[in-house]
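K.L.:
Pasting run03.txt below, which is compact mmCIF, C-alpha atoms and all ligand atoms.
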```txt
# COMPACT_ATOMS: atom_id res chain seq x y z
CA MET A 1 -10.62 -18.59 -68.94
CA LYS A 2 -9.74 -20.84 -66.01
CA THR A 3 -12.00 -22.63 -63.56
CA ILE A 4 -11.13 -21.52 -60.03
CA LEU A 5 -12.44 -22.92 -56.77
CA VAL A 6 -12.57 -20.17 -54.11
CA ILE A 7 -13.01 -21.46 -50.56
CA GLY A 8 -14.27 -18.88 -48.04
CA ALA A 9 -15.81 -16.98 -50.94
CA ASN A 10 -18.50 -15.27 -48.90
CA GLY A 11 -16.09 -13.75 -46.35
CA SER A 12 -14.41 -10.37 -46.62
CA MET A 13 -11.14 -11.83 -47.92
CA GLY A 14 -13.00 -14.19 -50.27
CA LYS A 15 -14.77 -11.22 -51.86
CA ALA A 16 -11.45 -9.38 -52.18
CA ALA A 17 -9.92 -12.43 -53.90
CA ILE A 18 -12.84 -12.80 -56.30
CA SER A 19 -12.54 -9.13 -57.29
CA GLY A 20 -9.27 -10.07 -59.00
CA LEU A 21 -10.60 -13.26 -60.59
CA SER A 22 -13.84 -12.18 -62.24
CA HIS A 23 -12.47 -12.89 -65.74
CA HIS A 24 -12.44 -16.59 -64.81
CA ARG A 25 -15.17 -19.11 -64.05
CA VAL A 26 -15.32 -19.01 -60.25
CA VAL A 27 -16.83 -21.87 -58.23
CA THR A 28 -17.45 -20.87 -54.61
CA ALA A 29 -17.46 -22.74 -51.30
CA GLY A 30 -17.88 -21.90 -47.62
CA ARG A 31 -18.78 -23.41 -44.28
CA SER A 32 -22.44 -22.44 -43.95
CA GLY A 33 -23.21 -22.84 -47.64
CA ASN A 34 -24.89 -19.40 -47.63
CA GLY A 35 -24.41 -17.55 -50.92
CA VAL A 36 -21.94 -20.13 -52.28
CA ASP A 37 -22.09 -23.10 -54.66
CA HIS A 38 -20.72 -25.71 -52.24
CA ARG A 39 -20.53 -26.35 -48.53
CA VAL A 40 -17.20 -27.36 -46.96
CA ASP A 41 -15.48 -27.45 -43.59
CA ILE A 42 -11.74 -27.12 -44.24
CA THR A 43 -10.96 -28.58 -40.82
CA SER A 44 -12.46 -31.91 -41.93
CA GLU A 45 -10.50 -34.07 -44.35
CA GLN A 46 -13.69 -35.91 -45.30
CA SER A 47 -15.50 -32.66 -46.08
CA LEU A 48 -12.58 -31.48 -48.25
CA ARG A 49 -12.55 -34.79 -50.16
CA SER A 50 -16.26 -34.55 -50.76
CA LEU A 51 -15.91 -30.93 -52.01
CA PHE A 52 -13.18 -31.82 -54.49
CA THR A 53 -15.11 -34.88 -55.68
CA SER A 54 -18.24 -32.80 -56.39
CA VAL A 55 -16.39 -29.91 -58.04
CA GLY A 56 -14.04 -32.10 -60.12
CA THR A 57 -10.91 -30.84 -61.85
CA VAL A 58 -10.11 -27.13 -61.59
CA ASP A 59 -7.22 -24.94 -62.77
CA ALA A 60 -6.70 -23.20 -59.45
CA VAL A 61 -7.76 -23.36 -55.83
CA VAL A 62 -7.86 -20.16 -53.80
CA ASN A 63 -8.40 -20.44 -50.06
CA THR A 64 -9.24 -17.46 -47.88
CA VAL A 65 -10.36 -19.39 -44.79
CA GLY A 66 -8.29 -19.32 -41.61
CA SER A 67 -10.29 -18.94 -38.41
CA CYS A 68 -8.20 -17.57 -35.56
CA GLU A 69 -8.71 -17.21 -31.82
CA TYR A 70 -7.58 -13.89 -30.29
CA ALA A 71 -6.29 -13.68 -26.68
CA PRO A 72 -3.17 -12.66 -24.78
CA PHE A 73 -0.53 -15.41 -25.01
CA LEU A 74 -0.63 -16.28 -21.30
CA GLU A 75 -4.40 -16.71 -21.46
CA MET A 76 -4.53 -18.75 -24.69
CA THR A 77 -5.89 -22.22 -23.96
CA ASP A 78 -4.74 -25.39 -25.63
CA GLN A 79 -8.16 -25.58 -27.32
CA GLN A 80 -7.82 -22.04 -28.72
CA TRP A 81 -4.43 -22.94 -30.20
CA ARG A 82 -5.84 -26.14 -31.70
CA THR A 83 -8.86 -24.37 -33.22
CA THR A 84 -6.56 -21.86 -34.94
CA ILE A 85 -4.00 -24.44 -36.06
CA ASP A 86 -6.72 -26.81 -37.36
CA SER A 87 -8.09 -24.06 -39.60
CA LYS A 88 -5.33 -21.65 -40.64
CA LEU A 89 -2.51 -24.20 -40.78
CA ILE A 90 -3.65 -27.84 -41.12
CA GLY A 91 -6.84 -26.93 -42.99
CA GLN A 92 -4.84 -25.03 -45.60
CA MET A 93 -2.16 -27.75 -45.81
CA ASN A 94 -4.90 -30.34 -46.38
CA ILE A 95 -6.39 -28.24 -49.18
CA VAL A 96 -3.05 -28.60 -50.98
CA ARG A 97 -2.52 -32.27 -50.06
CA ILE A 98 -6.02 -33.43 -51.02
CA GLY A 99 -6.57 -30.86 -53.75
CA THR A 100 -3.41 -31.77 -55.69
CA GLU A 101 -5.29 -34.69 -57.24
CA TYR A 102 -7.95 -32.31 -58.61
CA VAL A 103 -5.85 -29.45 -60.02
CA SER A 104 -4.92 -29.60 -63.69
CA ASP A 105 -1.27 -29.61 -64.88
CA GLY A 106 0.40 -26.24 -64.29
CA GLY A 107 -2.44 -25.16 -62.00
CA SER A 108 -2.07 -23.40 -58.66
CA PHE A 109 -3.01 -23.06 -55.03
CA THR A 110 -3.21 -19.65 -53.35
CA LEU A 111 -3.44 -19.60 -49.56
CA ILE A 112 -3.99 -16.86 -46.97
CA SER A 113 -1.77 -15.57 -44.15
CA GLY A 114 -1.90 -11.99 -42.80
CA ILE A 115 0.26 -9.00 -41.91
CA LEU A 116 0.27 -9.80 -38.18
CA SER A 117 2.99 -12.40 -38.84
CA VAL A 118 5.40 -9.53 -39.50
CA LYS A 119 3.70 -6.65 -37.65
CA PRO A 120 2.62 -8.13 -34.31
CA ILE A 121 -0.17 -6.67 -32.19
CA PRO A 122 -1.54 -7.74 -28.78
CA MET A 123 -4.01 -10.67 -28.71
CA ALA A 124 -3.01 -11.99 -32.14
CA ILE A 125 -0.29 -14.52 -31.29
CA ALA A 126 -2.20 -17.48 -32.80
CA ASP A 127 -2.99 -15.63 -36.05
CA ALA A 128 0.63 -14.42 -36.31
CA THR A 129 2.13 -17.85 -35.61
CA THR A 130 -0.07 -19.79 -38.03
CA SER A 131 0.34 -17.10 -40.71
CA GLY A 132 4.11 -17.44 -40.46
CA ALA A 133 3.84 -21.23 -40.54
CA ILE A 134 1.66 -21.38 -43.65
CA GLU A 135 4.14 -19.11 -45.45
CA THR A 136 6.99 -21.48 -44.59
CA PHE A 137 4.83 -24.41 -45.72
CA ALA A 138 4.21 -22.80 -49.13
CA LYS A 139 7.87 -21.85 -49.67
CA CYS A 140 8.96 -25.44 -48.98
CA VAL A 141 6.13 -27.53 -50.44
CA ALA A 142 6.50 -25.67 -53.75
CA PHE A 143 9.52 -27.92 -54.39
CA GLU A 144 7.46 -31.09 -53.90
CA LEU A 145 4.36 -30.47 -56.00
CA PRO A 146 4.03 -32.57 -59.16
CA ARG A 147 2.99 -31.66 -62.76
CA GLY A 148 4.12 -28.01 -62.57
CA LEU A 149 1.59 -27.19 -59.85
CA ARG A 150 2.32 -23.92 -58.04
CA VAL A 151 1.57 -22.65 -54.54
CA ASN A 152 1.70 -19.10 -53.14
CA VAL A 153 0.42 -17.24 -50.10
CA VAL A 154 -1.20 -13.80 -50.08
CA ASN A 155 -0.23 -11.81 -46.97
CA PRO A 156 -2.51 -8.76 -46.82
CA THR A 157 -2.77 -6.02 -44.27
CA VAL A 158 -6.24 -5.24 -42.97
CA LEU A 159 -8.90 -4.58 -45.61
CA GLU A 160 -10.74 -1.27 -45.73
CA GLU A 161 -13.91 -3.38 -45.72
CA SER A 162 -12.85 -4.98 -42.40
CA TRP A 163 -11.57 -1.81 -40.72
CA PRO A 164 -14.81 -1.30 -38.72
CA VAL A 165 -14.24 -4.76 -37.14
CA TYR A 166 -10.44 -4.75 -36.61
CA GLY A 167 -9.48 -1.06 -36.70
CA GLU A 168 -9.58 -0.60 -32.95
CA MET A 169 -7.18 -3.53 -32.43
CA MET A 170 -4.76 -2.15 -35.03
CA PRO A 171 -3.77 1.44 -34.19
CA GLY A 172 -1.32 2.91 -36.69
CA PHE A 173 -2.19 0.43 -39.46
CA GLN A 174 -3.34 1.69 -42.84
CA PRO A 175 -6.11 -0.44 -44.39
CA VAL A 176 -6.06 -1.25 -48.11
CA PRO A 177 -9.01 -1.70 -50.50
CA GLY A 178 -10.13 -5.25 -51.28
CA GLY A 179 -9.58 -4.52 -54.97
CA LEU A 180 -5.83 -4.10 -54.35
CA VAL A 181 -5.64 -7.41 -52.49
CA GLY A 182 -7.60 -9.01 -55.36
CA LYS A 183 -4.69 -8.09 -57.65
CA ALA A 184 -2.33 -10.21 -55.53
CA PHE A 185 -4.65 -13.21 -55.89
CA GLN A 186 -4.74 -12.58 -59.63
CA ARG A 187 -0.93 -12.40 -59.76
CA SER A 188 -0.73 -15.77 -58.05
CA VAL A 189 -3.39 -17.44 -60.24
CA ASP A 190 -2.50 -15.91 -63.62
CA GLY A 191 1.27 -15.65 -63.18
CA PHE A 192 4.02 -18.27 -63.13
CA ILE A 193 5.42 -17.67 -59.63
CA THR A 194 5.55 -20.37 -56.99
CA GLY A 195 6.66 -20.65 -53.36
CA GLN A 196 6.11 -16.90 -52.95
CA VAL A 197 4.53 -14.73 -50.30
CA LEU A 198 2.63 -11.85 -51.94
CA THR A 199 2.54 -9.10 -49.34
CA VAL A 200 -0.05 -6.34 -49.74
CA ASP A 201 0.63 -3.53 -47.30
CA ALA A 202 0.18 0.22 -47.36
N1 LIG B 1 -10.28 -9.25 -43.28
C1 LIG B 1 -9.05 -8.75 -43.24
O1 LIG B 1 -8.81 -7.52 -43.21
C2 LIG B 1 -7.87 -9.69 -43.27
C3 LIG B 1 -6.57 -9.16 -43.47
C4 LIG B 1 -5.50 -10.04 -43.52
C5 LIG B 1 -5.71 -11.40 -43.37
N2 LIG B 1 -6.98 -11.88 -43.16
C6 LIG B 1 -7.16 -13.33 -43.00
O2 LIG B 1 -8.09 -13.79 -43.95
C7 LIG B 1 -8.78 -14.92 -43.42
C8 LIG B 1 -10.28 -14.72 -43.63
O3 LIG B 1 -10.66 -13.55 -42.95
P1 LIG B 1 -12.03 -12.79 -43.32
O4 LIG B 1 -11.89 -11.41 -42.81
O5 LIG B 1 -12.40 -13.01 -44.75
O6 LIG B 1 -13.06 -13.57 -42.39
P2 LIG B 1 -14.65 -13.60 -42.57
O7 LIG B 1 -15.14 -12.36 -43.24
O8 LIG B 1 -15.18 -13.94 -41.22
O9 LIG B 1 -14.91 -14.82 -43.56
C9 LIG B 1 -14.50 -16.10 -43.26
C10 LIG B 1 -15.07 -17.03 -44.31
O10 LIG B 1 -14.53 -18.32 -44.07
C11 LIG B 1 -15.59 -19.27 -44.02
N3 LIG B 1 -15.18 -20.31 -43.07
C12 LIG B 1 -14.88 -20.18 -41.76
N4 LIG B 1 -14.49 -21.37 -41.25
C13 LIG B 1 -14.58 -22.26 -42.26
C14 LIG B 1 -14.32 -23.64 -42.36
N5 LIG B 1 -13.90 -24.36 -41.31
N6 LIG B 1 -14.48 -24.24 -43.56
C15 LIG B 1 -14.92 -23.54 -44.63
N7 LIG B 1 -15.18 -22.22 -44.60
C16 LIG B 1 -15.01 -21.60 -43.42
C17 LIG B 1 -16.81 -18.51 -43.59
O11 LIG B 1 -17.93 -19.18 -44.09
P3 LIG B 1 -19.38 -18.99 -43.41
O12 LIG B 1 -19.62 -17.51 -43.39
O13 LIG B 1 -20.28 -19.72 -44.31
O14 LIG B 1 -19.25 -19.56 -42.02
C18 LIG B 1 -16.59 -17.15 -44.24
O15 LIG B 1 -17.07 -17.14 -45.57
C19 LIG B 1 -8.36 -15.04 -41.95
O16 LIG B 1 -7.37 -16.03 -41.82
C20 LIG B 1 -7.77 -13.67 -41.65
O17 LIG B 1 -6.76 -13.73 -40.65
C21 LIG B 1 -8.06 -11.06 -43.12
```
Would you encode the structure as structure tokens?
Ligand SMILES: NC(=O)c1ccc[n+]([C@@H]2O[C@H](COP(=O)([O-])OP(=O)(O)OC[C@H]3O[C@@H](n4cnc5c(N)ncnc54)[C@H](OP(=O)(O)O)[C@@H]3O)[C@@H](O)[C@H]2O)c1
P.N.:
Amino acid sequence: MKTILVIGANGSMGKAAISGLSHHRVVTAGRSGNGVDHRVDITSEQSLRSLFTSVGTVDAVVNTVGSCEYAPFLEMTDQQWRTTIDSKLIGQMNIVRIGTEYVSDGGSFTLISGILSVKPIPMAIADATTSGAIETFAKCVAFELPRGLRVNVVNPTVLEESWPVYGEMMPGFQPVPGGLVGKAFQRSVDGFITGQVLTVDA
């Protein structure tokens, strides 16, 4: 049994991730603190440091947070880009940079992207761009991590559980059950792969 810190645990993707990790000891974190063990804001370096200090050493960190702004490209403001980049890109990169000190030898990071990086839809340019960027980050930083640490990204299509929210924006997409996406998180945490993008699509 491993100890796994899941950030964004109370969200739809966090619940999907945990469905594949229930055989481990899961420590949960999220922004509001509702229904989780720890409070954290991944866009704040100080908040991330304080989370890792309170949780201590873990075998794996799974992040499912990546807040995105949705608008047509020509209407996207600088602030909307920054909000998305601060969360889905820099927030996730900082989880790896700061978290490396707190993950045991041979442990892993699993980050989140999303299918819109390869199947674009209107309004989702910021989500698509940062999803692609975090995948490139993981492929490259895998070569730099010390002590056999691993890093992968799960790239899921829309969850069945989220279809009522996103379905209208995504005509022609086939949602997948959270339990299937949970298997990809399990493959990242319990396997030996690194620098990989684990796509879950229908
Ligand atoms: N849902 C899908 O079908 C789907 C498919 C593919 C990819 N994704 C990607 O998965 C990611 C999560 O989506 P979701 O559907 O799970 O969203 P969600 O249901 O809205 O959950 C987001 C979670 O992240 C937490 N959070 C937000 N900002 C945070 C911050 N700055 N620091 C710490 N925690 C923060 C929230 O905590 P509080 O509730 O406490 O604020 C919440 O638990 C997004 O990047 C999305 O693009 C989702």
K.L.:
Can you tell me which residues come within 8 Å of ligand LIG 1 (chain B) when counting only C-alpha atoms and all ligand atoms, ideally as a VMD selection string?
P.N.:
chain A and resid 7 to 15 29 to 34 39 to 44 64 to 68 87 to 88 91 112 to 116 127 131 155 to 163 166 175
K.L.:
Adding 5 Å on each side of the box along x, y and z that holds all listed atoms of region 82-95 of chain A, could you give its centre and edge lengths in Å to one decimal, as AutoDock Vina command-line options?
P.N.:
```
--center_x -5.5 --center_y -26.0 --center_z -40.4 --size_x 16.7 --size_y 18.7 --size_z 27.5
```
K.L.:
Of the candidates A:Val151, A:Ala133, A:Val118, A:Ala128, which one gets nearest to Thr199 (chain A) if we count only C-alpha atoms?
P.N.:
A:Val118
K.L.:
Restricting the calculation to all atoms listed in the file: of A:Phe52, A:Leu5, A:Phe143, A:Ile121, which residue gets closest to Ala71 (chain A)?
P.N.:
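Using all atoms listed in the file, the shortest distance to Ala71 (chain A) belongs to A:Ile121.
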K.L.:
Using all atoms listed in the file for the distances, tell me which of A:Ile125, A:Val103, A:Ala202, A:Ile4 is nearest to Arg147 (chain A).
P.N.:
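Of all the options, A:Val103 lies closest to Arg147 (chain A).
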K.L.:
If you measure from CA of Ala126 (chain A) to CA of Leu74 (chain A), what distance in Å do you get, rounded to one decimal?
P.N.:
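A separation of 11.7 Å between them.
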K.L.:
As a list in words, please: the residues near Leu111 (chain A) (cut-off 7 Å, all atoms listed in the file, same-chain neighbours under 3 positions excluded).
P.N.:
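Once the nearby chain positions are removed, what remains is Val62, Asn63, Thr64, Gln92, Asn152, Val153 and Val154 of chain A.
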K.L.:
Which residue, A:Thr3, A:Thr130, A:Ser108, A:Ser47, has the smallest gap to Val189 (chain A) when you use only C-alpha atoms?
P.N.:
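Selected residue with least distance to Val189 (chain A): A:Ser108.
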K.L.:
Between CA of Pro177 (chain A) and CA of Val27 (chain A), measure the distance and give it in Å to one decimal.
P.N.:
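The value is 23.0 Å.
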K.L.:
A:Val141, A:Leu149, A:Val58, A:Met1: which is nearest Ser188 (chain A), counting all atoms listed in the file?
P.N.:
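Of A:Val141, A:Leu149, A:Val58, A:Met1, the one nearest Ser188 (chain A), counting all atoms listed in the file, is A:Leu149.
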K.L.:
Which distance in Å separates CA of Met123 (chain A) and CA of Phe73 (chain A), to one decimal?
P.N.:
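Going from CA of Met123 (chain A) over to CA of Phe73 (chain A) covers 6.9 Å.
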K.L.:
With distances taken over only C-alpha atoms, which of A:Ile193, A:Val61, A:Met170, A:Leu89 is nearest to Ala142 (chain A)?
P.N.:
A:Ile193
K.L.:
Within 10 Å of (0.5, -34.4, -62.2) (coordinates as in the file), grab all the protein and nucleic acid residues, counting all atoms listed in the file, and write them out as a list of chain:residue names.
P.N.:
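Residues with an atom at most 10 Å from (0.5, -34.4, -62.2): A:Thr100, A:Glu101, A:Tyr102, A:Val103, A:Ser104, A:Asp105, A:Gly106, A:Gly107, A:Leu145, A:Pro146, A:Arg147, A:Gly148, A:Leu149.
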K.L.:
Quick one: residues within 8 Å of Leu21 (chain A), all atoms listed in the file, excluding same-chain residues fewer than 6 positions away - as a ChimeraX atom specification?
P.N.:
/A:182,185-186
